[in-house]
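Student: Below is run-v9.cif; it holds mmCIF, C-alpha atoms.
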```cif
data_upload
loop_
_atom_site.label_atom_id
_atom_site.label_comp_id
_atom_site.auth_asym_id
_atom_site.auth_seq_id
_atom_site.Cartn_x
_atom_site.Cartn_y
_atom_site.Cartn_z
CA MET D 18 0.00 0.00 0.00
CA PHE D 19 2.85 2.43 0.80
CA TRP D 20 4.37 2.10 -2.66
CA GLY D 21 3.42 5.48 -4.07
CA ALA D 22 3.19 6.97 -7.52
CA GLN D 23 6.54 8.74 -7.03
CA PRO D 24 9.89 6.94 -6.60
CA THR D 25 10.31 8.15 -3.02
CA GLY D 26 9.92 6.96 0.53
CA GLY D 27 11.48 4.46 2.87
CA VAL D 28 9.07 1.71 1.82
CA ARG D 29 10.26 1.70 -1.75
CA ARG D 30 13.90 1.98 -0.62
CA VAL D 31 13.52 -1.07 1.61
CA LEU D 32 11.81 -3.13 -1.09
CA MET D 33 14.26 -2.23 -3.82
CA THR D 34 17.24 -2.87 -1.52
CA LYS D 35 15.86 -6.28 -0.59
CA ARG D 36 15.20 -7.00 -4.24
CA ALA D 37 18.75 -6.07 -5.26
CA HIS D 38 20.28 -8.36 -2.62
CA LEU D 39 18.01 -11.28 -3.54
CA LEU D 40 18.65 -10.95 -7.26
CA ALA D 41 22.41 -10.72 -6.65
CA ALA D 42 22.21 -13.94 -4.61
CA GLY D 43 20.47 -15.77 -7.47
CA TRP D 44 16.86 -15.63 -6.32
CA ARG D 45 13.90 -14.84 -8.55
CA HIS D 46 11.97 -11.99 -6.95
CA THR D 47 8.58 -10.63 -7.97
CA LEU D 48 6.93 -7.53 -6.57
CA LEU D 49 3.18 -7.00 -6.57
CA VAL D 50 2.25 -3.36 -5.95
CA PRO D 51 -0.84 -1.20 -6.46
CA ALA D 52 0.88 1.42 -8.64
CA SER D 53 2.12 0.88 -12.18
CA GLN D 54 5.81 1.75 -12.14
CA GLY D 55 8.37 -0.16 -14.18
CA GLU D 56 10.25 -1.50 -11.16
CA ALA D 57 7.42 -3.93 -10.36
CA GLN D 58 6.36 -6.79 -12.60
CA LEU D 59 2.80 -7.12 -11.28
CA HIS D 60 0.26 -4.41 -10.50
CA CYS D 61 -2.92 -5.21 -8.58
CA GLY D 62 -4.46 -1.74 -8.68
CA GLY D 63 -6.41 -0.14 -5.89
CA VAL D 64 -8.41 2.83 -4.69
CA PRO D 65 -6.39 6.06 -4.26
CA LEU D 66 -6.01 7.15 -0.63
CA PRO D 67 -6.82 10.89 -0.46
CA GLY D 68 -4.02 13.08 0.81
CA SER D 69 -1.55 10.20 0.97
CA GLY D 70 0.79 11.29 -1.79
CA GLY D 71 -0.22 8.64 -4.30
CA TYR D 72 -0.77 5.54 -2.16
CA ARG D 73 -3.53 3.09 -3.03
CA PHE D 74 -5.60 0.60 -1.06
CA ALA D 75 -6.06 -2.70 -2.87
CA LEU D 76 -9.57 -4.16 -2.76
CA ASN D 77 -9.70 -7.06 -5.22
CA ARG D 78 -8.61 -10.06 -3.17
CA ARG D 79 -9.29 -12.59 -5.91
CA ARG D 80 -7.42 -10.71 -8.63
CA ALA D 81 -4.38 -10.15 -6.42
CA ALA D 82 -4.27 -13.84 -5.48
CA ALA D 83 -4.50 -14.81 -9.15
CA LEU D 84 -1.55 -12.55 -9.97
CA MET D 85 0.48 -14.18 -7.20
CA VAL D 86 -0.37 -17.64 -8.50
CA GLN D 87 0.60 -16.47 -11.98
CA ALA D 88 4.08 -15.59 -10.69
CA ALA D 89 4.51 -19.23 -9.55
CA PRO D 90 6.56 -18.45 -6.44
CA ASP D 91 7.90 -21.01 -4.00
CA LEU D 92 7.56 -18.54 -1.15
CA ILE D 93 5.24 -15.58 -0.56
CA GLU D 94 6.07 -12.73 1.79
CA ALA D 95 3.28 -10.29 2.64
CA ALA D 96 3.53 -7.14 4.69
CA ASP D 97 0.06 -5.83 3.95
CA PRO D 98 -2.31 -6.82 6.79
CA TYR D 99 -5.45 -5.92 4.85
CA VAL D 100 -6.94 -7.37 1.66
CA LEU D 101 -3.60 -8.37 0.19
CA GLY D 102 -2.66 -10.22 3.34
CA TRP D 103 -5.61 -12.53 2.68
CA SER D 104 -4.74 -12.71 -1.03
CA ALA D 105 -1.27 -13.95 -0.11
CA LEU D 106 -2.78 -16.72 2.00
CA ASP D 107 -5.16 -17.68 -0.83
CA ALA D 108 -2.28 -17.91 -3.29
CA ALA D 109 -0.02 -19.83 -0.89
CA ARG D 110 -2.79 -22.34 -0.26
CA ARG D 111 -3.42 -22.86 -3.97
CA LEU D 112 0.28 -23.26 -4.71
CA GLY D 113 1.11 -25.28 -1.61
CA VAL D 114 3.97 -22.93 -0.67
CA PRO D 115 5.01 -21.28 2.63
CA ALA D 116 3.74 -17.81 3.50
CA ILE D 117 5.55 -15.20 5.62
CA ALA D 118 3.84 -12.18 7.16
CA PHE D 119 6.03 -9.16 7.86
CA CYS D 120 4.29 -7.14 10.57
CA HIS D 121 5.56 -3.61 10.00
CA SER D 122 2.74 -1.71 11.67
CA HIS D 123 1.10 -1.93 15.06
CA LEU D 124 -2.47 -2.16 13.78
CA PRO D 125 -4.19 -2.17 17.22
CA ALA D 126 -2.38 1.02 18.27
CA LEU D 127 -3.23 2.64 14.94
CA ALA D 128 -6.90 1.67 15.26
CA ALA D 129 -7.04 2.99 18.82
CA ARG D 130 -5.63 6.33 17.68
CA LEU D 131 -7.82 6.73 14.60
CA LEU D 132 -11.09 5.35 15.92
CA GLY D 133 -10.89 5.58 19.66
CA GLY D 134 -11.24 9.25 20.45
CA THR D 135 -9.30 9.84 23.69
CA PRO D 136 -6.21 7.59 24.01
CA ARG D 137 -7.43 5.82 27.15
CA GLY D 138 -11.14 5.96 26.48
CA ARG D 139 -13.58 3.09 26.06
CA ARG D 140 -13.71 3.47 22.28
CA ALA D 141 -9.93 3.31 22.06
CA GLY D 142 -9.88 0.08 24.04
CA LEU D 143 -12.60 -1.42 21.86
CA ALA D 144 -10.79 -0.42 18.65
CA TRP D 145 -7.59 -1.98 20.00
CA ARG D 146 -9.27 -5.29 20.83
CA VAL D 147 -11.08 -5.54 17.50
CA ALA D 148 -7.84 -4.88 15.57
CA GLN D 149 -5.94 -7.35 17.74
CA ARG D 150 -8.49 -10.10 17.07
CA TYR D 151 -8.35 -9.31 13.36
CA LEU D 152 -4.55 -9.63 13.26
CA LEU D 153 -4.69 -12.91 15.16
CA ARG D 154 -7.24 -14.29 12.73
CA LEU D 155 -5.04 -13.30 9.78
CA TYR D 156 -1.57 -14.15 11.09
CA ALA D 157 -2.60 -17.50 12.58
CA HIS D 158 -2.55 -18.93 9.05
CA TYR D 159 1.01 -17.85 8.23
CA ASP D 160 3.98 -20.18 8.58
CA LEU D 161 6.16 -17.39 9.98
CA VAL D 162 5.38 -13.91 11.30
CA LEU D 163 8.26 -11.45 11.39
CA ALA D 164 8.40 -8.22 13.40
CA PRO D 165 11.16 -5.62 13.09
CA SER D 166 11.45 -5.04 16.84
CA ARG D 167 11.73 -7.32 19.85
CA LEU D 168 8.91 -5.45 21.57
CA LEU D 169 6.46 -6.08 18.73
CA ALA D 170 7.50 -9.73 18.38
CA GLU D 171 6.97 -10.29 22.10
CA GLN D 172 3.53 -8.69 21.88
CA LEU D 173 2.58 -10.96 18.98
CA ARG D 174 3.74 -14.03 20.88
CA GLY D 175 1.88 -12.84 23.94
CA TRP D 176 -1.28 -12.70 21.84
CA GLY D 177 -0.81 -16.36 20.91
CA LEU D 178 1.28 -16.24 17.73
CA ALA D 179 4.07 -18.64 18.65
CA GLN D 180 5.58 -18.36 15.16
CA ALA D 181 6.43 -14.65 15.62
CA GLN D 182 10.16 -13.84 15.41
CA VAL D 183 12.31 -10.71 15.35
CA GLN D 184 13.66 -9.59 11.98
CA PRO D 185 15.14 -6.07 11.95
CA LEU D 186 15.37 -3.91 8.88
CA GLY D 187 18.71 -2.76 7.57
CA VAL D 188 20.70 0.21 6.34
CA ASP D 189 23.15 0.55 3.47
CA CYS D 190 26.29 1.64 5.30
CA GLN D 191 28.09 2.25 2.02
CA VAL D 192 25.63 5.06 1.33
CA PHE D 193 24.53 6.21 4.78
CA ARG D 194 27.87 6.99 6.45
CA PRO D 195 29.59 9.87 8.22
CA GLU D 196 31.66 10.61 5.10
CA ALA D 197 28.45 11.76 3.39
CA ARG D 198 28.67 14.98 5.44
CA ASP D 199 29.20 18.07 3.28
CA PRO D 200 29.46 21.36 5.26
CA ALA D 201 29.77 23.48 2.10
CA TRP D 202 26.59 21.98 0.69
CA ALA D 203 24.83 22.51 4.03
CA GLY D 204 25.86 26.16 3.93
CA GLN D 205 24.39 26.54 0.47
CA LEU D 206 21.19 24.82 1.63
CA LYS D 207 20.83 27.38 4.42
CA LYS D 208 21.13 30.17 1.87
CA VAL D 209 18.42 28.62 -0.30
CA LEU D 210 16.15 28.21 2.73
CA ALA D 211 16.83 31.80 3.89
CA LEU D 212 18.50 30.66 7.11
CA ALA D 213 21.47 32.29 8.82
CA PRO D 214 24.84 30.57 8.22
CA ASP D 215 25.19 29.63 11.89
CA THR D 216 21.71 28.04 12.14
CA ARG D 217 21.72 24.60 13.74
CA LEU D 218 19.74 22.19 11.55
CA LEU D 219 17.42 19.56 13.03
CA LEU D 220 15.98 17.02 10.61
CA TYR D 221 12.87 14.85 10.42
CA CYS D 222 12.37 12.41 7.52
CA GLY D 223 9.19 10.43 6.99
CA ARG D 224 5.50 10.62 6.33
CA PHE D 225 3.50 13.55 7.61
CA ALA D 226 0.96 11.62 9.65
CA THR D 227 -0.81 12.09 12.98
CA GLU D 228 1.16 9.39 14.79
CA LYS D 229 4.46 11.11 13.89
CA ARG D 230 3.53 13.95 16.28
CA LEU D 231 5.12 16.67 14.16
CA PRO D 232 3.32 19.51 16.03
CA LEU D 233 5.20 18.39 19.14
CA LEU D 234 8.52 18.86 17.33
CA ALA D 235 7.38 22.27 16.06
CA ARG D 236 6.53 23.44 19.59
CA ALA D 237 9.86 22.17 20.89
CA LEU D 238 11.62 24.09 18.12
CA ASP D 239 9.90 27.27 19.26
CA LEU D 240 11.28 26.70 22.74
CA LEU D 241 14.81 26.26 21.38
CA GLY D 242 14.52 29.76 19.96
CA PRO D 243 16.52 31.61 17.29
CA GLY D 244 19.51 29.93 15.75
CA HIS D 245 17.69 26.61 15.20
CA ALA D 246 15.64 25.29 12.29
CA LEU D 247 13.69 22.10 11.70
CA LEU D 248 13.72 20.56 8.21
CA CYS D 249 10.80 18.19 7.63
CA VAL D 250 11.44 15.99 4.60
CA GLY D 251 8.47 13.99 3.36
CA GLY D 252 4.80 14.34 2.58
CA GLY D 253 1.39 13.32 3.73
CA PRO D 254 -1.93 14.56 5.03
CA CYS D 255 -0.68 16.03 8.34
CA PRO D 256 2.26 18.40 7.79
CA PRO D 257 3.62 20.27 10.80
CA PRO D 258 2.21 23.73 11.53
CA PRO D 259 4.08 26.56 9.77
CA GLY D 260 6.67 28.53 11.67
CA PRO D 261 9.47 31.02 10.99
CA ARG D 262 12.19 28.41 11.53
CA LEU D 263 10.42 25.38 10.09
CA ARG D 264 10.99 24.32 6.49
CA LEU D 265 9.11 21.65 4.52
CA LEU D 266 11.10 19.76 1.88
CA PRO D 267 9.74 17.18 -0.59
CA PRO D 268 10.63 13.49 -0.27
CA GLU D 269 14.13 12.73 -1.51
CA PRO D 270 14.14 9.76 -3.94
CA ASP D 271 17.92 9.49 -4.19
CA ALA D 272 19.50 7.62 -1.27
CA ARG D 273 22.88 9.29 -1.66
CA ARG D 274 21.40 12.78 -1.59
CA LEU D 275 19.31 11.80 1.42
CA ALA D 276 22.44 10.50 3.15
CA ARG D 277 24.21 13.79 2.45
CA LEU D 278 21.32 15.68 4.03
CA MET D 279 21.22 13.41 7.08
CA ALA D 280 24.97 13.54 7.62
CA SER D 281 25.12 17.33 7.12
CA CYS D 282 22.41 18.21 9.65
CA ASP D 283 23.26 18.70 13.30
CA ALA D 284 20.67 16.30 14.76
CA PHE D 285 17.85 13.99 13.69
CA VAL D 286 14.52 13.98 15.56
CA HIS D 287 11.52 11.64 15.45
CA ALA D 288 8.63 11.85 17.91
CA GLY D 289 6.49 9.03 16.47
CA ASP D 290 5.01 6.88 19.22
CA GLN D 291 3.80 3.99 17.04
CA GLU D 292 6.91 3.08 15.06
CA SER D 293 7.60 -0.62 14.76
CA PHE D 294 11.25 0.03 13.89
CA GLY D 295 12.48 3.46 12.74
CA LEU D 296 14.29 3.14 9.39
CA SER D 297 15.07 6.85 8.98
CA ALA D 298 16.47 6.99 12.51
CA LEU D 299 18.74 4.03 11.72
CA GLU D 300 19.95 5.79 8.57
CA ALA D 301 20.74 8.93 10.57
CA MET D 302 22.65 6.83 13.10
CA ALA D 303 24.68 5.30 10.26
CA CYS D 304 25.53 8.85 9.12
CA GLY D 305 26.99 9.65 12.54
CA THR D 306 24.26 12.21 13.25
CA PRO D 307 23.00 12.57 16.84
CA VAL D 308 19.41 11.36 17.16
CA VAL D 309 16.55 12.26 19.49
CA LEU D 310 13.73 9.74 19.49
CA ALA D 311 10.47 8.91 21.21
CA ALA D 312 11.07 6.36 23.94
CA GLN D 313 8.06 4.30 22.82
CA GLY D 314 7.87 1.34 20.45
CA GLY D 315 10.52 0.45 17.94
CA LEU D 316 12.23 3.85 18.19
CA GLY D 317 12.81 3.40 21.90
CA GLU D 318 14.24 -0.06 21.30
CA LEU D 319 16.46 1.07 18.42
CA GLY D 320 17.78 4.08 20.31
CA SER D 321 18.26 2.47 23.71
CA GLY D 322 21.67 3.47 25.04
CA VAL D 323 22.70 5.25 21.83
CA ALA D 324 20.22 8.11 21.42
CA GLY D 325 18.40 10.79 23.34
CA LEU D 326 15.08 9.19 24.27
CA VAL D 327 12.07 11.24 25.35
CA ALA D 328 9.07 9.61 27.03
CA SER D 329 7.13 12.82 27.55
CA THR D 330 4.67 14.62 25.28
CA GLN D 331 5.69 17.98 26.76
CA PRO D 332 7.56 20.22 24.28
CA ALA D 333 9.96 21.39 27.01
CA PHE D 334 11.37 17.88 27.44
CA TRP D 335 11.86 17.55 23.69
CA ALA D 336 13.55 20.95 23.50
CA GLU D 337 15.89 19.91 26.31
CA ALA D 338 16.75 16.64 24.53
CA MET D 339 17.37 18.47 21.25
CA HIS D 340 19.68 20.91 23.04
CA ARG D 341 21.63 18.01 24.57
CA ALA D 342 22.00 16.40 21.13
CA LEU D 343 23.41 19.66 19.76
CA HIS D 344 25.67 20.08 22.81
CA PRO D 345 26.43 16.48 23.86
CA ASP D 346 27.83 15.59 27.24
CA ASP D 347 28.37 11.95 26.21
CA ALA D 348 31.13 11.99 23.62
CA ASP D 349 30.76 8.27 22.84
CA GLU D 350 26.99 8.20 22.22
CA VAL D 351 27.25 8.88 18.49
CA GLN D 352 29.94 6.21 18.12
CA ARG D 353 27.75 3.67 19.90
CA ALA D 354 24.90 4.56 17.58
CA LEU D 355 27.21 4.18 14.58
CA ARG D 356 28.29 0.72 15.74
CA ARG D 357 24.68 -0.34 16.20
CA ALA D 358 23.80 0.86 12.70
CA ARG D 359 26.75 -0.95 11.14
CA ALA D 360 25.65 -4.17 12.83
CA LEU D 361 22.39 -3.80 10.90
CA ASP D 362 23.96 -3.30 7.48
CA TRP D 363 21.69 -4.73 4.79
CA THR D 364 24.31 -7.35 3.89
CA ALA D 365 23.98 -8.98 7.32
CA VAL D 366 20.23 -8.44 7.55
CA MET D 367 19.54 -9.98 4.15
CA ALA D 368 21.80 -12.93 4.88
CA GLN D 369 19.59 -13.63 7.90
CA MET D 370 16.44 -13.21 5.80
CA MET D 371 17.70 -15.64 3.17
CA ARG D 372 18.49 -18.21 5.86
CA ARG D 373 14.88 -17.92 7.01
CA TYR D 374 13.65 -18.39 3.44
CA ARG D 375 15.82 -21.48 2.95
CA ARG D 376 14.62 -23.06 6.17
CA LEU D 377 10.99 -22.60 5.13
CA LEU D 378 11.78 -24.05 1.72
CA GLY D 379 13.61 -26.98 3.27
CA VAL D 380 16.79 -26.44 1.27
CA GLY D 381 19.25 -26.03 4.12
CA ASP D 382 21.32 -23.15 5.41
CA GLY D 383 24.32 -23.39 3.14
CA GLY D 384 25.58 -21.00 0.54
CA ALA D 385 23.63 -22.47 -2.37
CA THR D 386 20.53 -20.66 -3.52
CA PRO D 387 17.28 -22.60 -3.74
CA ARG D 388 17.59 -22.54 -7.52
CA ASP D 389 20.62 -24.83 -7.15
CA GLN D 390 18.62 -27.48 -5.29
CA PRO D 391 15.44 -29.29 -6.31
CA LEU D 392 12.32 -29.00 -4.19
CA SER D 393 9.94 -31.86 -3.58
CA SER D 394 7.39 -30.09 -5.78
CA GLY D 395 9.73 -30.28 -8.74
CA ARG D 396 9.61 -26.50 -9.38
CA SER D 397 12.71 -24.35 -9.28
CA ALA D 398 12.79 -22.36 -6.09
CA SER D 399 12.15 -18.64 -6.12
CA ALA D 400 11.22 -15.92 -3.69
CA ALA D 401 8.32 -13.63 -4.42
CA ALA D 402 7.82 -10.69 -2.09
CA TYR D 403 4.36 -9.19 -2.14
CA SER D 404 5.12 -6.42 0.27
CA PHE D 405 3.27 -3.28 1.25
CA ARG D 406 5.45 -2.18 4.10
CA ARG D 407 4.53 0.30 6.78
CA LEU D 408 7.64 1.63 8.51
#
```
Mind turning the file's structure into structure tokens?
Tutor:
Amino acid sequence: MFWGAQPTGGVRRVLMTKRAHLLAAGWRHTLLVPASQGEAQLHCGGVPLPGSGGYRFALNRRRAAALMVQAAPDLIEAADPYVLGWSALDAARRLGVPAIAFCHSHLPALAARLLGGTPRGRRAGLAWRVAQRYLLRLYAHYDLVLAPSRLLAEQLRGWGLAQAQVQPLGVDCQVFRPEARDPAWAGQLKKVLALAPDTRLLLYCGRFATEKRLPLLARALDLLGPGHALLCVGGGPCPPPPGPRLRLLPPEPDARRLARLMASCDAFVHAGDQESFGLSALEAMACGTPVVLAAQGGLGELGSGVAGLVASTQPAFWAEAMHRALHPDDADEVQRALRRARALDWTAVMAQMMRRYRRLLGVGDGGATPRDQPLSSGRSASAAAYSFRRL
């Protein structure tokens, strides 16, 4: 679903990075997406989501399943927990192949926020329970359920999904690295944005959505006062409120240019309280940029011990954490964050993913790709990822 009409966004970057690694390792990889760009072989269509920047919601379960069957995969991976999640199960059942669910979003928390009114009200609790039961009904049929954070995996297992396991996302450390920093370019950017040369730049990258809590960052910026600016890179229905030191920039489709921006800013901030992982935060860590993150969910787990974590919704606490990131008293924090990011380089993460695929396919854990070994079905092995990832 979060594969938009434009070649931007973390979702597309994750999918195309995974695809590149799988193809290089000798796998056959097919993407099914709702938009009709050339990078994907199959397009299932869908209803446009207003104000989403080109995202679509797929509705035709039967057609999507037929397209998956047409691709003749030996493994189906689905990260869409809606109609296409059921389509993936239909196709896997017809083909007799394993199915993996990648749980990128905390659907109960999202339902509670969107449908529940007050966070702790009765409607919020009801929305949470309904969404939880729905996920259990869907995921119970999958051979493996992957979650990008330990916290989310433990929640899934606590709900009764014994097959839930942790599978983090990755970062390309050859692109996102401290050497991407370019002070001269940053100085030119400040000129273009009508900012003083000595302005300290704080950066947010991601969708403009309610759960990202961008107004909280804007209010914290006001408390920091002159000499600071917040660059919000992305798009979506809920942009931050305008302010004299706040600048909105469009999504950056080029990973190297995004890395230059991340490495050249003074700090990265993300206040989202429903993140299952935090890909943009990981990329900033890999760039050697100090990060300030919400202490909840995947961001809190990713940043534990290596980032400024804020549990409060009060702007003053966020302003204080931003100030500490710009004037650190822990000289080793950025280096610890850099080491954590490098441990999650895509090379290592995809090697783990491919081991999981091989185990499900019953072809062992060695270096050979499934194509090199016959399956009991007689078909050549392949991996087809039908992924609509919410990060």
Student: Just give me the gap between atom CA of Ala333 of chain D and atom CA of Ser166 of chain D in Å, one decimal is fine.
Tutor: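 Computing the Euclidean distance for atom CA of Ala333 of chain D and atom CA of Ser166 of chain D yields 28.4 Å.
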Student: Counting all atoms listed in the file, figure out which residue out of D:Gly102, D:Pro254, D:Pro67, D:Pro267 gets nearest to Leu155 of chain D.
Tutor: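 Closest candidate: D:Gly102.
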Student: Counting all atoms listed in the file, which residue out of D:Cys222, D:Ala116, D:Leu296, D:Ala348 sits closest to Leu377 of chain D?
Tutor: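 For Leu377 of chain D, the nearest of the candidates is D:Ala116.
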Student: Can you spell out as JSON, numbers by chain the set of residues that the PyMOL selection byres ((chain D and resi 202-215) around 12) selects in the structure I just provided?
Tutor: {"D": [197, 198, 199, 200, 201, 216, 217, 218, 243, 244, 245, 246, 247, 248, 261, 262, 263, 264, 265, 266, 274, 277, 278, 279, 280, 281, 282, 283]}
Student: Dump C-alpha atoms for the selected residues as a CSV table (one decimal), in the frame of the given file?
Tutor:
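File written: result-v2.csv
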```csv
chain,number,residue,atom,x,y,z
D,197,ALA,CA,28.4,11.8,3.4
D,198,ARG,CA,28.7,15.0,5.4
D,199,ASP,CA,29.2,18.1,3.3
D,200,PRO,CA,29.5,21.4,5.3
D,201,ALA,CA,29.8,23.5,2.1
D,216,THR,CA,21.7,28.0,12.1
D,217,ARG,CA,21.7,24.6,13.7
D,218,LEU,CA,19.7,22.2,11.6
D,243,PRO,CA,16.5,31.6,17.3
D,244,GLY,CA,19.5,29.9,15.8
D,245,HIS,CA,17.7,26.6,15.2
D,246,ALA,CA,15.6,25.3,12.3
D,247,LEU,CA,13.7,22.1,11.7
D,248,LEU,CA,13.7,20.6,8.2
D,261,PRO,CA,9.5,31.0,11.0
D,262,ARG,CA,12.2,28.4,11.5
D,263,LEU,CA,10.4,25.4,10.1
D,264,ARG,CA,11.0,24.3,6.5
D,265,LEU,CA,9.1,21.6,4.5
D,266,LEU,CA,11.1,19.8,1.9
D,274,ARG,CA,21.4,12.8,-1.6
D,277,ARG,CA,24.2,13.8,2.4
D,278,LEU,CA,21.3,15.7,4.0
D,279,MET,CA,21.2,13.4,7.1
D,280,ALA,CA,25.0,13.5,7.6
D,281,SER,CA,25.1,17.3,7.1
D,282,CYS,CA,22.4,18.2,9.6
D,283,ASP,CA,23.3,18.7,13.3
```
Student: Compare D:Ala144, D:Leu241, D:Ala95, D:Ala272 by their minimum atom-to-atom distance to Gly26 of chain D, counting only C-alpha atoms, and give me the closest one.
Tutor: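 Of the candidates, the smallest distance to Gly26 of chain D is held by D:Ala272.
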Student: So how many Å separate atom CA of Val114 of chain D and atom CA of Phe294 of chain D, to one decimal?
Tutor: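 Answer for the atom CA of Val114 of chain D to atom CA of Phe294 of chain D separation: 28.1 Å.
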Student: Taking the file above as input, evaluate the PyMOL selection byres ((chain D and resi 147) around 12) and report the hits as a PyMOL selection string.
Tutor: chain D and resi 124-129+132-133+140-146+148-154
Student: For Pro98 of chain D, which residue among D:Val286, D:Cys304, D:Met18, D:Ala298 is the nearest when counting only C-alpha atoms?
Tutor: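 For Pro98 of chain D, the nearest of the given residues is D:Met18.
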Student: Point out the residue among D:Cys249, D:Leu76, D:Leu84, D:Gly260 with the least atom-to-atom distance to Thr47 of chain D, counting all atoms listed in the file.
Tutor: D:Leu84
Student: Which residue is closest to Thr25 of chain D? Choose from D:Tyr374, D:Phe193, D:Trp44, D:Tyr72 and count only C-alpha atoms.
Tutor: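 Nearest to Thr25 of chain D: D:Tyr72.
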Student: Counting only C-alpha atoms, which residues sit no farther than 12 Å from the position (25.8, 8.1, 16.0) in the file's frame? I'd like them as a count of residues only.
Tutor: 41
Student: Give me, please, the distance in Å between atom CA of Asp160 of chain D and atom CA of Arg79 of chain D, quoted to one decimal.
Tutor: 21.1 Å
Student: Please enumerate the residues selected by the PyMOL selection byres ((chain D and resi 74) around 6) when evaluated against the supplied file, formatted as a ChimeraX atom specification.
Tutor: /D:18,63-64,73,75
Student: Can you pull out the residues contacting Ala181 of chain D? Cut-off 8 Å, using all atoms listed in the file, and skip same-chain residues under 5 positions away; I want them as a list of chain:residue names.
Tutor: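 Non-adjacent residues within range: D:Leu161, D:Val162, D:Leu163, D:Ala164, D:Ala170, D:Glu171, D:Leu173, D:Arg174.
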Student: Find the residues near Thr227 of chain D: any atom within 12 Å, counting all atoms listed in the file, skip ones fewer than 2 places away on the same chain, and give them as JSON, numbers by chain.
Tutor: {"D": [127, 130, 131, 223, 224, 225, 229, 230, 231, 232, 233, 253, 254, 255, 256, 257, 288, 289, 290, 291]}
Student: So which residues touch Leu169 of chain D within 10 Å, counting only C-alpha atoms, skipping near sequence neighbours fewer than 6 positions away, as a PyMOL selection string?
Tutor: chain D and resi 120-123+163+175+181-183+292-294+314-315
